[in-house]
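All remarks here apply to the structure that follows.
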Amino acid sequence: MIFSILQLIGGGILAIGWIPQIMQIMKTKSVKDLSLKSYLFMLLGIGLMEIYAIDLVANGSGIAFLMTNSLSLLVLLFVIMLVLRYRDK
């Protein structure tokens with residue numbers, strides 16, 4: 001139980017950590033110093049972890065991991081959408 005709580009706290013902190021970047025993008029409407037490739041690699045990594053988390057839940061454990069990983073995946077997708085929206089074409 002304690003590890004699930006730690007997972008929820010840690011995952012929440014990781015998701016909240018994106019908020020300053022999101023706010024900066026929305027304020028400046030600029031992503032010129034951000035690398036889309038880096039965010040796509042992170043998306044791949046979190047996507048693979050999401051598959052693992054789903055497998056854990058299917059086998060009776062890992063709900064906290066699935067919840068926090070899903071939140072990270074959603075936040076990262078939002079950042080990627082912002083990068084695609086505001087990048088120079």
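Order determines the names: the first chain of the structure tokens is A, the second B, and so forth; residues in each chain are numbered 1 upward, and ligands are numbered 1 upward as they are shown.
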field: Polymer residues at most 9 Å from Leu56 of chain A, only C-alpha atoms, same-chain spacing of 5 or more positions, as a PyMOL selection string
entry: chain A and resi 51+61-63+65-66
Within 8 Å of segment 10-33 of chain A, which residues of segment 41-76 of chain A show up? Give each one with its shortest atom-to-atom distance in Å (one decimal) and the two atoms involved, counting only C-alpha atoms, rows by chain then rising residue number, as CSV.
residue,atom,partner,partner_atom,distance
A:Phe65,CA,A:Gly11,CA,7.9
A:Thr68,CA,A:Gly11,CA,4.8
A:Asn69,CA,A:Gly11,CA,7.0
A:Leu71,CA,A:Ala15,CA,6.6
A:Ser72,CA,A:Ala15,CA,5.4
A:Val75,CA,A:Ala15,CA,6.8
Could you please take those selected residues and save N, CA and C atoms as a PDB file, in the first residue's frame?
ATOM      1  N   PHE A  65       0.361   2.808 -10.859  1.00  0.00           N
ATOM      2  CA  PHE A  65       1.294   3.025 -11.961  1.00  0.00           C
ATOM      3  C   PHE A  65       0.531   3.373 -13.231  1.00  0.00           C
ATOM      4  N   THR A  68      -0.882   7.105 -12.910  1.00  0.00           N
ATOM      5  CA  THR A  68       0.107   8.171 -13.055  1.00  0.00           C
ATOM      6  C   THR A  68       0.753   8.164 -14.433  1.00  0.00           C
ATOM      7  N   ASN A  69       0.957   6.992 -14.993  1.00  0.00           N
ATOM      8  CA  ASN A  69       1.530   6.913 -16.334  1.00  0.00           C
ATOM      9  C   ASN A  69       0.556   7.464 -17.363  1.00  0.00           C
ATOM     10  N   LEU A  71      -1.686   9.750 -16.829  1.00  0.00           N
ATOM     11  CA  LEU A  71      -1.674  11.204 -16.660  1.00  0.00           C
ATOM     12  C   LEU A  71      -0.463  11.812 -17.368  1.00  0.00           C
ATOM     13  N   SER A  72       0.696  11.199 -17.192  1.00  0.00           N
ATOM     14  CA  SER A  72       1.907  11.684 -17.873  1.00  0.00           C
ATOM     15  C   SER A  72       1.742  11.613 -19.383  1.00  0.00           C
ATOM     16  N   VAL A  75      -0.539  14.526 -20.499  1.00  0.00           N
ATOM     17  CA  VAL A  75       0.149  15.815 -20.416  1.00  0.00           C
ATOM     18  C   VAL A  75       1.184  15.931 -21.533  1.00  0.00           C
TER      19      VAL A  75
END
message: Quick check for you: according to DSSP on this backbone, which residues of chain A are classed as helix (DSSP H, G or I)? Reply as a PyMOL selection string.
response: chain A and resi 2-16+19-28+36-58+63-86
query: Please, what distance in Å, to one decimal, runs between atom CA of Gln7 of chain A and atom CA of Leu77 of chain A?
result: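 Taking atom CA of Gln7 of chain A as the start and atom CA of Leu77 of chain A as the end point, the length is 20.9 Å.
Candidate residues A:Met81, A:Ile9, A:Tyr86, A:Leu76 were compared for distance to Gly45 of chain A, and the nearest is A:Leu76, using only C-alpha atoms.
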- prompt: How many Å separate atom CA of Leu6 of chain A from atom CA of Met49 of chain A?
  reply: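 Atom-to-atom, atom CA of Leu6 of chain A to atom CA of Met49 of chain A, that is 17.6 Å.
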- prompt: What does the distance from atom CA of Leu40 of chain A to atom CA of Ile80 of chain A come to in Å, to one decimal?
  reply: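 Computing the Euclidean distance for atom CA of Leu40 of chain A and atom CA of Ile80 of chain A yields 7.7 Å.
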message: What's around Met42 of chain A at 10 Å? Count only C-alpha atoms, leave out sequence neighbours fewer than 4 positions away in its own chain, and write the answer as a ChimeraX atom specification.
response: /A:36-38,46-48,73,76-77
message: So, with only C-alpha atoms as the atoms that count, which of A:Val83, A:Met67, A:Ile5, A:Asp88 lies closest to Ile54 of chain A?
response: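 Ranking A:Val83, A:Met67, A:Ile5, A:Asp88 by distance to Ile54 of chain A, first place goes to A:Met67.
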